[in-house]
Amino acid sequence: MATLLQPAFWFFVLSVEASSHMPTPRRKGKDSLHMIKRRHKRKSISARNRMGWQSFLKDLDISNYDVQVVSPRNYFAFTPLLPSVTCGTVEARSIVEPEVEDAQRIRRTVIDCFEKAVLPGLTEEERRTNLHFVIVGGGPTGVEFAAELHDFVHEDLVKIYPSVKDLVSITVIQSGDHILNTFDERISSFAEQKFQRDGIEVLTGHRVMSVSDRMINMRTKSTGEDISIPHGMVVWSTGVGTRPVVKDFMEQIGQGNRRVLATDEWLRVKGCEEVYALGDCATVDQKKIVEDIAEIFKAADKDNSGTLTIEEFQDVIEDIVIRYPQVELYLKSKHLFEVSDLLKDMYGNDREEVDIEGFKLALSLVDKQTKSLPATAQVAAQQGAYLSSCFNRMEKCKQNPEGPRKFRSGGRHEFRPFRYRHLGQFAPLGGEQAAAELPGDWVSLGRSTQWLWYSVYARAFVIDFLAKITIILRKDLFLIAEA
């Protein structure tokens with residue numbers, strides 16, 4: 001891998017989904033990342049076949065870049081609809097080209113559990129065990145799968161296996177106090193009430209300790225009591241692991257003790273700035289404003305008086321807000337309207353000037369609003385679009401930087417840092433019902449929300465199809481032009 005990073009014209013884009021199903025790449029041979037070859041164009045890019053790369057490539061100016069996709073699979077999967085594939089609500093061929101293994105394996109396992117349950121000679125307890133489906137994790141994916149599984153069982157499978165219809169049970173295990181705890185509490189409450197009506201058991205405040213072929217062992221967080229329950233199938237939906245290829249890369253650049261790659265706000269891998277990473281293989285390590293307070297104060301104090309006036313502070317406000325997004329979040333949390341309001345005294349009165357200690361005190365709590373980005377397709381898609389825009393304007397922005405001021409070294413950053421814009425989130429709850437949390441503190445629940453969810457993904461499919469056609473046509477036209 002190290003040899004890949006030596007040429008200055010290389011740009012290697014990692015967009016690897018974290019999972020345990022990708023085989024470890026060989027050190028040599030055709031499947032190795034070392035096999036990427038130098039081309040005659042100015043720069044080269046290697047991208048992984050996922051949501052982030054698709055968003056990245058569809059707008060990239062390929063006349064300037066030699067794009068090579070390195071992937072263990074030859075298809076793109078629309079991951080938000082994978083839970084629907086597990087139960088047959090959506091066919092695999094509708095969201096992938098050509099196959100998706102895990103979702104189909106789950107579907108086959110569910111049917112196998114029913115087949116085992118109707119075998120002659122079993123006790124009722126053995127049949128109940130075979131038909132006990134456990135979902136570990138009460139986040140959006142776990143909740144959606146539990147809802148899809150409930151509908152699949154009660155709308156389809158009980159008609160085929162009527163003799164065991166009363167023996168089926170579904171359990172969701174969540175370590176937190178509520179399922180969907182990243183959503184508005186109104187959505188969490190609605191989901192828990194609906195699951196209760198549907199007969200889906202929700203065990204909150206339980207941490208899974210181990211899983212065997214027939215038993216799942218957990219601990220009650222409030223009492224410390226250990227509990228074991230039998231199961232026919234367990235679906236793990238609480239998080240993902242790091243790909244071997246990414247883990248190997250992390251070891252080489254000194255990030256081996258981390259769970260995922262750390263990047264800066266421009267999506268450059270820390271310790272290896274010719275490599276960019278996006279999606280759930282990486283996390284943006286947002287710089288803390290407290291680390292730069294002295295440099296910010298010095299840059300703003302133009303007359304070197306040792307104090308800042310409101311006017312001097314206002315000269316750097318725009319750069320501060322762009323460089324440190326936690327400032328804006330802090331203002332909202334404190335119901336402040338202007339950044340300059342941070343310099344007011346404890347009684348809310350304007351101050352003519354502040355010294356370095358007063359400046360530090362005013363900004364001391366800002367970094368508490370620093371937040372990690374969720375590992376979702378929405379984040380990856382926005383990162384891909386952002387990165388392609390940066391790559392397309394790279395030469396221009398080297399000459400005319402458009403980013404915020406560099407408070408430590410002087411000058412400006414070439415680009416503005418990546419800024420995630422949350423567009424809302426959906427949680428399908430089964431029975432043609434869903435919940436949505438959208439910008440503006442708007443919460444939608446029920447059947448109408450399900451149709452809103454359908455429309456969002458229908459639009460995504462159209463965009464996905466047009467993006468693929470665009471990439472193919474642009475590549476073909478460029479090859480014709482070169483010829």
# chains A, B, ... in the order shown; residues from 1 in each chain; ligands from 1
call {"tool": "residues_around", "arguments": {"residues": "stretch 346-354 of chain A", "least_positions_apart": "3", "cutoff": "6 Å", "atoms": "only C-alpha atoms", "output": "PDB file with C-alpha atoms, in the first residue's frame"}}
result
ATOM      1  CA  THR A 307      -7.453  43.409  23.469  1.00  0.00           C
ATOM      2  CA  LEU A 308     -10.172  42.792  20.886  1.00  0.00           C
ATOM      3  CA  THR A 309     -12.865  45.274  20.000  1.00  0.00           C
ATOM      4  CA  GLY A 358     -11.998  36.967  28.388  1.00  0.00           C
TER       5      GLY A 358
END
call {"tool": "atom_distance", "arguments": {"atom1": "atom CA of A:Gly239", "atom2": "atom CA of A:Leu429"}}
result
20.1 Å
call {"tool": "atom_distance", "arguments": {"atom1": "atom CA of A:Val234", "atom2": "atom CA of A:Asp280"}}
result
23.4 Å
call {"tool": "closest_residue", "arguments": {"among": "A:Ser228, A:Leu122, A:Pro140, A:Thr238", "to": "A:Gln174", "atoms": "only C-alpha atoms"}}
result
A:Thr238
call {"tool": "residues_around", "arguments": {"residues": "A:Ser222", "least_positions_apart": "3", "cutoff": "9 Å", "atoms": "only C-alpha atoms", "output": "PDB file with all heavy atoms, in the first residue's frame"}}
result
ATOM      1  N   GLY A 205     -32.589  -1.362  27.614  1.00  0.00           N
ATOM      2  CA  GLY A 205     -31.709  -1.456  28.773  1.00  0.00           C
ATOM      3  C   GLY A 205     -31.058  -2.809  28.939  1.00  0.00           C
ATOM      4  O   GLY A 205     -30.696  -3.191  30.050  1.00  0.00           O
ATOM      5  N   HIS A 206     -30.893  -3.545  27.842  1.00  0.00           N
ATOM      6  CA  HIS A 206     -30.257  -4.864  27.873  1.00  0.00           C
ATOM      7  C   HIS A 206     -29.060  -4.873  26.933  1.00  0.00           C
ATOM      8  O   HIS A 206     -29.165  -4.430  25.780  1.00  0.00           O
ATOM      9  CB  HIS A 206     -31.234  -5.963  27.463  1.00  0.00           C
ATOM     10  CG  HIS A 206     -32.299  -6.246  28.487  1.00  0.00           C
ATOM     11  ND1 HIS A 206     -33.330  -5.365  28.744  1.00  0.00           N
ATOM     12  CD2 HIS A 206     -32.474  -7.304  29.323  1.00  0.00           C
ATOM     13  CE1 HIS A 206     -34.111  -5.877  29.691  1.00  0.00           C
ATOM     14  NE2 HIS A 206     -33.617  -7.042  30.051  1.00  0.00           N
ATOM     15  N   ARG A 219     -27.304  -8.968  29.534  1.00  0.00           N
ATOM     16  CA  ARG A 219     -27.262  -8.467  30.900  1.00  0.00           C
ATOM     17  C   ARG A 219     -28.165  -7.249  31.027  1.00  0.00           C
ATOM     18  O   ARG A 219     -28.116  -6.336  30.202  1.00  0.00           O
ATOM     19  CB  ARG A 219     -25.836  -8.101  31.294  1.00  0.00           C
ATOM     20  CG  ARG A 219     -25.660  -7.551  32.704  1.00  0.00           C
ATOM     21  CD  ARG A 219     -24.190  -7.496  33.056  1.00  0.00           C
ATOM     22  NE  ARG A 219     -23.622  -8.844  33.073  1.00  0.00           N
ATOM     23  CZ  ARG A 219     -22.315  -9.086  33.030  1.00  0.00           C
ATOM     24  NH1 ARG A 219     -21.443  -8.076  32.945  1.00  0.00           N
ATOM     25  NH2 ARG A 219     -21.871 -10.340  33.067  1.00  0.00           N
ATOM     26  N   GLU A 225     -28.361  -8.265  36.196  1.00  0.00           N
ATOM     27  CA  GLU A 225     -28.786  -9.663  36.096  1.00  0.00           C
ATOM     28  C   GLU A 225     -28.490 -10.216  34.710  1.00  0.00           C
ATOM     29  O   GLU A 225     -28.731  -9.563  33.688  1.00  0.00           O
ATOM     30  CB  GLU A 225     -30.286  -9.762  36.383  1.00  0.00           C
ATOM     31  CG  GLU A 225     -30.846 -11.174  36.285  1.00  0.00           C
ATOM     32  CD  GLU A 225     -32.359 -11.213  36.444  1.00  0.00           C
ATOM     33  OE1 GLU A 225     -32.970 -10.123  36.553  1.00  0.00           O
ATOM     34  OE2 GLU A 225     -32.916 -12.315  36.448  1.00  0.00           O
TER      35      GLU A 225
END
call {"tool": "closest_residue", "arguments": {"among": "A:Val245, A:Lys159, A:Phe183, A:Leu261", "to": "A:Ser71", "atoms": "only C-alpha atoms"}}
result
A:Val245
call {"tool": "select_by_dssp", "arguments": {"residues": "stretch 145-254 of chain A", "states": "alpha helix (DSSP H)", "output": "ChimeraX atom specification"}}
result
/A:145-152,158-160,185-198,244-252
call {"tool": "write_last_selection", "arguments": {"atoms": "N, CA, C and O atoms", "output": "compact mmCIF listing (two decimals), in the first residue's frame"}}
result
# COMPACT_ATOMS: atom_id res chain seq x y z
N PHE A 145 -36.16 -3.75 10.06
CA PHE A 145 -36.17 -5.19 9.80
C PHE A 145 -37.23 -5.89 10.65
O PHE A 145 -37.93 -6.79 10.17
N ALA A 146 -37.34 -5.51 11.94
CA ALA A 146 -38.36 -6.13 12.79
C ALA A 146 -39.75 -5.90 12.23
O ALA A 146 -40.60 -6.81 12.23
N ALA A 147 -40.01 -4.70 11.72
CA ALA A 147 -41.32 -4.38 11.14
C ALA A 147 -41.55 -5.18 9.85
O ALA A 147 -42.64 -5.73 9.63
N GLU A 148 -40.53 -5.25 9.00
CA GLU A 148 -40.66 -6.01 7.75
C GLU A 148 -40.87 -7.49 8.05
O GLU A 148 -41.66 -8.17 7.39
N LEU A 149 -40.13 -8.01 9.03
CA LEU A 149 -40.26 -9.42 9.39
C LEU A 149 -41.66 -9.72 9.92
O LEU A 149 -42.27 -10.74 9.57
N HIS A 150 -42.21 -8.82 10.75
CA HIS A 150 -43.56 -9.01 11.27
C HIS A 150 -44.57 -9.09 10.13
O HIS A 150 -45.45 -9.97 10.11
N ASP A 151 -44.46 -8.18 9.17
CA ASP A 151 -45.38 -8.18 8.04
C ASP A 151 -45.21 -9.43 7.19
O ASP A 151 -46.20 -10.04 6.73
N PHE A 152 -43.97 -9.84 6.96
CA PHE A 152 -43.68 -11.03 6.16
C PHE A 152 -44.29 -12.28 6.80
O PHE A 152 -44.91 -13.10 6.13
N VAL A 158 -47.62 -17.27 7.55
CA VAL A 158 -48.63 -17.99 8.33
C VAL A 158 -49.67 -18.66 7.43
O VAL A 158 -50.33 -19.62 7.85
N LYS A 159 -49.80 -18.20 6.20
CA LYS A 159 -50.71 -18.84 5.27
C LYS A 159 -50.12 -20.16 4.77
O LYS A 159 -50.85 -21.10 4.44
N ILE A 160 -48.78 -20.20 4.71
CA ILE A 160 -48.11 -21.41 4.25
C ILE A 160 -47.92 -22.40 5.40
O ILE A 160 -47.97 -23.62 5.22
N GLU A 185 -38.24 12.16 20.33
CA GLU A 185 -38.86 11.24 21.31
C GLU A 185 -40.30 10.88 20.95
O GLU A 185 -40.79 9.83 21.33
N ARG A 186 -40.96 11.74 20.18
CA ARG A 186 -42.32 11.42 19.72
C ARG A 186 -42.31 10.22 18.78
O ARG A 186 -43.22 9.38 18.82
N ILE A 187 -41.27 10.11 17.97
CA ILE A 187 -41.15 8.98 17.06
C ILE A 187 -40.80 7.71 17.83
O ILE A 187 -41.37 6.64 17.57
N SER A 188 -39.89 7.82 18.80
CA SER A 188 -39.54 6.66 19.62
C SER A 188 -40.76 6.10 20.33
O SER A 188 -41.01 4.89 20.34
N SER A 189 -41.56 6.99 20.90
CA SER A 189 -42.76 6.57 21.62
C SER A 189 -43.77 5.92 20.69
O SER A 189 -44.36 4.87 21.00
N PHE A 190 -43.97 6.52 19.51
CA PHE A 190 -44.91 5.98 18.54
C PHE A 190 -44.48 4.58 18.09
O PHE A 190 -45.31 3.65 17.99
N ALA A 191 -43.18 4.40 17.83
CA ALA A 191 -42.67 3.11 17.38
C ALA A 191 -42.84 2.04 18.46
O ALA A 191 -43.25 0.91 18.18
N GLU A 192 -42.56 2.38 19.71
CA GLU A 192 -42.69 1.41 20.80
C GLU A 192 -44.15 1.01 21.01
O GLU A 192 -44.45 -0.17 21.24
N GLN A 193 -45.06 1.98 20.89
CA GLN A 193 -46.49 1.66 21.05
C GLN A 193 -46.98 0.78 19.90
O GLN A 193 -47.76 -0.16 20.12
N LYS A 194 -46.52 1.06 18.68
CA LYS A 194 -46.95 0.24 17.55
C LYS A 194 -46.41 -1.19 17.67
O LYS A 194 -47.13 -2.16 17.41
N PHE A 195 -45.15 -1.33 18.08
CA PHE A 195 -44.59 -2.67 18.26
C PHE A 195 -45.34 -3.44 19.35
O PHE A 195 -45.55 -4.64 19.24
N GLN A 196 -45.74 -2.72 20.38
CA GLN A 196 -46.51 -3.39 21.44
C GLN A 196 -47.84 -3.90 20.91
O GLN A 196 -48.26 -5.02 21.21
N ARG A 197 -48.51 -3.10 20.08
CA ARG A 197 -49.78 -3.54 19.48
C ARG A 197 -49.56 -4.71 18.54
O ARG A 197 -50.41 -5.60 18.44
N ASP A 198 -48.42 -4.72 17.83
CA ASP A 198 -48.13 -5.80 16.88
C ASP A 198 -47.62 -7.07 17.54
O ASP A 198 -47.43 -8.09 16.87
N PRO A 244 -10.85 -5.41 6.40
CA PRO A 244 -9.42 -5.73 6.53
C PRO A 244 -8.52 -4.80 5.74
O PRO A 244 -7.45 -4.42 6.21
N VAL A 245 -8.92 -4.41 4.53
CA VAL A 245 -8.08 -3.54 3.71
C VAL A 245 -7.92 -2.17 4.37
O VAL A 245 -6.84 -1.57 4.34
N VAL A 246 -8.98 -1.67 4.99
CA VAL A 246 -8.90 -0.38 5.67
C VAL A 246 -8.08 -0.50 6.96
O VAL A 246 -7.28 0.37 7.29
N LYS A 247 -8.29 -1.61 7.67
CA LYS A 247 -7.54 -1.83 8.91
C LYS A 247 -6.05 -1.91 8.63
O LYS A 247 -5.23 -1.34 9.37
N ASP A 248 -5.69 -2.59 7.56
CA ASP A 248 -4.28 -2.69 7.18
C ASP A 248 -3.71 -1.32 6.86
O ASP A 248 -2.59 -0.97 7.25
N PHE A 249 -4.48 -0.52 6.14
CA PHE A 249 -4.05 0.84 5.80
C PHE A 249 -3.89 1.70 7.05
O PHE A 249 -2.93 2.46 7.19
N MET A 250 -4.82 1.56 8.00
CA MET A 250 -4.75 2.32 9.25
C MET A 250 -3.48 1.98 10.03
O MET A 250 -2.86 2.86 10.64
N GLU A 251 -3.10 0.70 10.03
CA GLU A 251 -1.88 0.29 10.73
C GLU A 251 -0.66 0.98 10.11
O GLU A 251 0.26 1.39 10.83
N GLN A 252 -0.66 1.12 8.79
CA GLN A 252 0.50 1.68 8.10
C GLN A 252 0.67 3.17 8.33
O GLN A 252 1.77 3.70 8.25
call {"tool": "residues_around", "arguments": {"residues": "A:Cys390", "least_positions_apart": "6", "cutoff": "10 Å", "atoms": "only C-alpha atoms", "output": "compact mmCIF listing (two decimals) with all heavy atoms, in the first residue's frame"}}
result
# COMPACT_ATOMS: atom_id res chain seq x y z
N LEU A 60 -17.89 14.17 -11.42
CA LEU A 60 -16.46 14.38 -11.57
C LEU A 60 -16.10 14.65 -13.03
O LEU A 60 -16.60 14.00 -13.94
CB LEU A 60 -15.71 13.14 -11.08
CG LEU A 60 -14.17 13.25 -11.08
CD1 LEU A 60 -13.72 14.24 -10.03
CD2 LEU A 60 -13.55 11.88 -10.83
N TRP A 266 -11.71 18.37 5.37
CA TRP A 266 -11.71 18.33 3.91
C TRP A 266 -11.70 16.88 3.41
O TRP A 266 -11.42 16.62 2.25
CB TRP A 266 -10.52 19.12 3.37
CG TRP A 266 -10.68 20.59 3.58
CD1 TRP A 266 -11.20 21.50 2.70
CD2 TRP A 266 -10.33 21.34 4.76
NE1 TRP A 266 -11.21 22.75 3.25
CE2 TRP A 266 -10.69 22.69 4.52
CE3 TRP A 266 -9.77 21.01 5.98
CZ2 TRP A 266 -10.49 23.70 5.46
CZ3 TRP A 266 -9.57 22.00 6.93
CH2 TRP A 266 -9.92 23.33 6.67
N GLY A 384 -19.53 12.61 -1.13
CA GLY A 384 -19.11 12.34 -2.50
C GLY A 384 -19.32 13.54 -3.41
O GLY A 384 -18.45 13.89 -4.22
N LYS A 396 -8.09 25.63 -10.05
CA LYS A 396 -8.58 26.99 -9.88
C LYS A 396 -8.41 27.48 -8.45
O LYS A 396 -7.96 28.61 -8.21
CB LYS A 396 -10.06 27.05 -10.28
CG LYS A 396 -10.72 28.40 -10.03
CD LYS A 396 -12.20 28.36 -10.35
CE LYS A 396 -12.87 29.69 -9.98
NZ LYS A 396 -14.33 29.65 -10.25
N CYS A 397 -8.74 26.61 -7.49
CA CYS A 397 -8.70 27.03 -6.09
C CYS A 397 -7.28 27.09 -5.54
O CYS A 397 -7.04 27.73 -4.51
CB CYS A 397 -9.56 26.11 -5.23
SG CYS A 397 -11.33 26.30 -5.54
N GLU A 414 -7.71 26.11 0.52
CA GLU A 414 -8.15 26.13 -0.88
C GLU A 414 -9.67 26.01 -0.99
O GLU A 414 -10.28 26.65 -1.85
CB GLU A 414 -7.49 24.97 -1.63
CG GLU A 414 -5.98 25.13 -1.76
CD GLU A 414 -5.34 23.95 -2.44
OE1 GLU A 414 -6.08 23.09 -2.96
OE2 GLU A 414 -4.10 23.86 -2.45
N PHE A 415 -10.28 25.17 -0.14
CA PHE A 415 -11.71 24.95 -0.23
C PHE A 415 -12.36 25.20 1.13
O PHE A 415 -11.69 25.18 2.17
CB PHE A 415 -12.01 23.49 -0.63
CG PHE A 415 -11.32 23.04 -1.87
CD1 PHE A 415 -10.19 22.24 -1.79
CD2 PHE A 415 -11.78 23.42 -3.12
CE1 PHE A 415 -9.53 21.83 -2.93
CE2 PHE A 415 -11.13 23.00 -4.27
CZ PHE A 415 -10.01 22.20 -4.17
N ARG A 416 -13.64 25.41 1.10
CA ARG A 416 -14.40 25.39 2.34
C ARG A 416 -14.45 23.96 2.86
O ARG A 416 -14.48 23.02 2.07
CB ARG A 416 -15.84 25.88 2.10
CG ARG A 416 -15.94 27.38 1.89
CD ARG A 416 -17.39 27.80 1.70
NE ARG A 416 -17.52 29.25 1.74
CZ ARG A 416 -18.36 29.90 2.52
NH1 ARG A 416 -19.16 29.22 3.33
NH2 ARG A 416 -18.43 31.21 2.50
N PRO A 417 -14.45 23.76 4.17
CA PRO A 417 -14.53 22.39 4.70
C PRO A 417 -15.89 21.78 4.43
O PRO A 417 -16.88 22.50 4.17
CB PRO A 417 -14.29 22.59 6.20
CG PRO A 417 -14.68 24.00 6.47
CD PRO A 417 -14.35 24.77 5.24
N PHE A 418 -15.95 20.46 4.47
CA PHE A 418 -17.22 19.76 4.28
C PHE A 418 -18.20 20.13 5.39
O PHE A 418 -17.85 20.14 6.57
CB PHE A 418 -17.00 18.25 4.27
CG PHE A 418 -18.28 17.46 4.26
CD1 PHE A 418 -19.08 17.41 3.13
CD2 PHE A 418 -18.71 16.78 5.40
CE1 PHE A 418 -20.27 16.68 3.12
CE2 PHE A 418 -19.88 16.05 5.40
CZ PHE A 418 -20.67 16.00 4.26
call {"tool": "residues_around", "arguments": {"residues": "A:Arg393", "least_positions_apart": "4", "cutoff": "12 Å", "atoms": "only C-alpha atoms", "output": "short mmCIF file (atom, residue, chain, number, x, y, z; two decimals) with N, CA and C atoms, in the first residue's frame"}}
result
data_model
loop_
_atom_site.label_atom_id
_atom_site.label_comp_id
_atom_site.auth_asym_id
_atom_site.auth_seq_id
_atom_site.Cartn_x
_atom_site.Cartn_y
_atom_site.Cartn_z
N ASP A 59 -20.48 13.53 -10.89
CA ASP A 59 -20.22 14.92 -11.25
C ASP A 59 -18.73 15.20 -11.47
N LEU A 60 -17.89 14.17 -11.42
CA LEU A 60 -16.46 14.38 -11.57
C LEU A 60 -16.10 14.65 -13.03
N ASP A 61 -15.21 15.62 -13.25
CA ASP A 61 -14.72 15.92 -14.59
C ASP A 61 -13.66 14.89 -14.96
N ASN A 64 -9.92 15.17 -16.57
CA ASN A 64 -8.72 15.47 -15.80
C ASN A 64 -8.23 14.31 -14.95
N TYR A 386 -19.52 16.68 -2.46
CA TYR A 386 -18.58 17.72 -2.03
C TYR A 386 -17.19 17.46 -2.62
N LEU A 387 -16.72 16.21 -2.53
CA LEU A 387 -15.38 15.89 -2.97
C LEU A 387 -15.22 16.04 -4.48
N SER A 388 -16.23 15.65 -5.25
CA SER A 388 -16.14 15.82 -6.70
C SER A 388 -16.07 17.29 -7.07
N SER A 389 -16.81 18.13 -6.33
CA SER A 389 -16.76 19.57 -6.57
C SER A 389 -15.36 20.12 -6.29
N CYS A 397 -8.74 26.61 -7.49
CA CYS A 397 -8.70 27.03 -6.09
C CYS A 397 -7.28 27.09 -5.54
N LYS A 398 -6.33 26.42 -6.20
CA LYS A 398 -4.94 26.59 -5.80
C LYS A 398 -4.47 28.01 -6.10
N GLN A 399 -4.98 28.56 -7.19
CA GLN A 399 -4.62 29.94 -7.56
C GLN A 399 -5.44 30.96 -6.78
N ASN A 400 -6.72 30.65 -6.56
CA ASN A 400 -7.62 31.57 -5.88
C ASN A 400 -8.37 30.82 -4.78
N PRO A 401 -7.75 30.66 -3.61
CA PRO A 401 -8.37 29.91 -2.51
C PRO A 401 -9.70 30.53 -2.09
N GLU A 402 -10.66 29.66 -1.79
CA GLU A 402 -11.99 30.14 -1.40
C GLU A 402 -12.38 29.70 0.01
N GLU A 414 -7.71 26.11 0.52
CA GLU A 414 -8.15 26.13 -0.88
C GLU A 414 -9.67 26.01 -0.99
N PHE A 415 -10.28 25.17 -0.14
CA PHE A 415 -11.71 24.95 -0.23
C PHE A 415 -12.36 25.20 1.13
N ARG A 416 -13.64 25.41 1.10
CA ARG A 416 -14.40 25.39 2.34
C ARG A 416 -14.45 23.96 2.86
#
call {"tool": "select_by_dssp", "arguments": {"residues": "stretch 274-386 of chain A", "states": "strand (DSSP E or B)", "output": "list in words"}}
result
Glu274, Val275, Tyr276, Ala277, Ala282, Thr283, Val284, Thr307, Leu308, Thr309, Glu353, Val354 and Asp355 of chain A
call {"tool": "closest_residue", "arguments": {"among": "A:Glu437, A:Asp264, A:Asp367, A:Asp184", "to": "A:Asp292", "atoms": "only C-alpha atoms"}}
result
A:Asp367
call {"tool": "atom_distance", "arguments": {"atom1": "atom CA of A:Ser237", "atom2": "atom CA of A:Glu99"}}
result
21.1 Å
call {"tool": "residues_around", "arguments": {"residues": "A:Gln314", "least_positions_apart": "5", "cutoff": "9 Å", "atoms": "only C-alpha atoms", "output": "list in words"}}
result
Ala300, Thr309, Val339 and Ser340 of chain A
call {"tool": "write_last_selection", "arguments": {"atoms": "C-alpha atoms", "output": "PDB file, in the first residue's frame"}}
result
ATOM      1  CA  ALA A 300      -8.002  39.525  14.983  1.00  0.00           C
ATOM      2  CA  THR A 309     -12.865  45.274  20.000  1.00  0.00           C
ATOM      3  CA  VAL A 339     -21.460  35.413  17.053  1.00  0.00           C
ATOM      4  CA  SER A 340     -20.536  38.751  18.615  1.00  0.00           C
TER       5      SER A 340
END
call {"tool": "closest_residue", "arguments": {"among": "A:Asp66, A:Met233, A:Gln383, A:Gln378", "to": "A:Asp112", "atoms": "only C-alpha atoms"}}
result
A:Met233
call {"tool": "decode", "arguments": {"residues": "stretch 425-431 of chain A", "atoms": "all heavy atoms", "output": "mmCIF file, in the first residue's frame"}}
result
data_model
loop_
_atom_site.group_PDB
_atom_site.id
_atom_site.type_symbol
_atom_site.label_atom_id
_atom_site.label_comp_id
_atom_site.auth_asym_id
_atom_site.auth_seq_id
_atom_site.Cartn_x
_atom_site.Cartn_y
_atom_site.Cartn_z
ATOM 1 N N GLN A 425 -34.786 12.022 8.354
ATOM 2 C CA GLN A 425 -34.616 10.572 8.376
ATOM 3 C C GLN A 425 -35.971 9.883 8.530
ATOM 4 O O GLN A 425 -36.889 10.432 9.145
ATOM 5 C CB GLN A 425 -33.679 10.153 9.502
ATOM 6 C CG GLN A 425 -33.994 10.728 10.860
ATOM 7 C CD GLN A 425 -32.902 10.439 11.867
ATOM 8 O OE1 GLN A 425 -32.006 9.643 11.634
ATOM 9 N NE2 GLN A 425 -32.977 11.076 13.029
ATOM 10 N N PHE A 426 -36.053 8.689 7.934
ATOM 11 C CA PHE A 426 -37.286 7.908 7.940
ATOM 12 C C PHE A 426 -37.079 6.617 8.715
ATOM 13 O O PHE A 426 -35.976 6.078 8.771
ATOM 14 C CB PHE A 426 -37.708 7.561 6.507
ATOM 15 C CG PHE A 426 -38.292 8.709 5.740
ATOM 16 C CD1 PHE A 426 -37.476 9.610 5.082
ATOM 17 C CD2 PHE A 426 -39.665 8.892 5.673
ATOM 18 C CE1 PHE A 426 -38.008 10.664 4.368
ATOM 19 C CE2 PHE A 426 -40.201 9.945 4.961
ATOM 20 C CZ PHE A 426 -39.378 10.833 4.301
ATOM 21 N N ALA A 427 -38.179 6.118 9.270
ATOM 22 C CA ALA A 427 -38.159 4.813 9.931
ATOM 23 C C ALA A 427 -39.442 4.073 9.581
ATOM 24 O O ALA A 427 -40.494 4.324 10.173
ATOM 25 C CB ALA A 427 -38.039 4.980 11.444
ATOM 26 N N PRO A 428 -39.412 3.165 8.589
ATOM 27 C CA PRO A 428 -40.588 2.341 8.284
ATOM 28 C C PRO A 428 -40.907 1.439 9.465
ATOM 29 O O PRO A 428 -40.024 0.800 10.034
ATOM 30 C CB PRO A 428 -40.145 1.536 7.060
ATOM 31 C CG PRO A 428 -39.013 2.308 6.479
ATOM 32 C CD PRO A 428 -38.315 2.927 7.644
ATOM 33 N N LEU A 429 -42.196 1.364 9.832
ATOM 34 C CA LEU A 429 -42.605 0.629 11.030
ATOM 35 C C LEU A 429 -43.531 -0.534 10.725
ATOM 36 O O LEU A 429 -44.094 -1.134 11.642
ATOM 37 C CB LEU A 429 -43.286 1.595 12.012
ATOM 38 C CG LEU A 429 -42.433 2.777 12.467
ATOM 39 C CD1 LEU A 429 -43.252 3.728 13.334
ATOM 40 C CD2 LEU A 429 -41.201 2.303 13.229
ATOM 41 N N GLY A 430 -43.690 -0.861 9.445
ATOM 42 C CA GLY A 430 -44.540 -1.985 9.080
ATOM 43 C C GLY A 430 -46.002 -1.598 9.028
ATOM 44 O O GLY A 430 -46.430 -0.548 9.525
ATOM 45 N N GLY A 431 -46.805 -2.480 8.432
ATOM 46 C CA GLY A 431 -48.241 -2.216 8.337
ATOM 47 C C GLY A 431 -48.563 -0.948 7.578
ATOM 48 O O GLY A 431 -49.526 -0.240 7.900
#
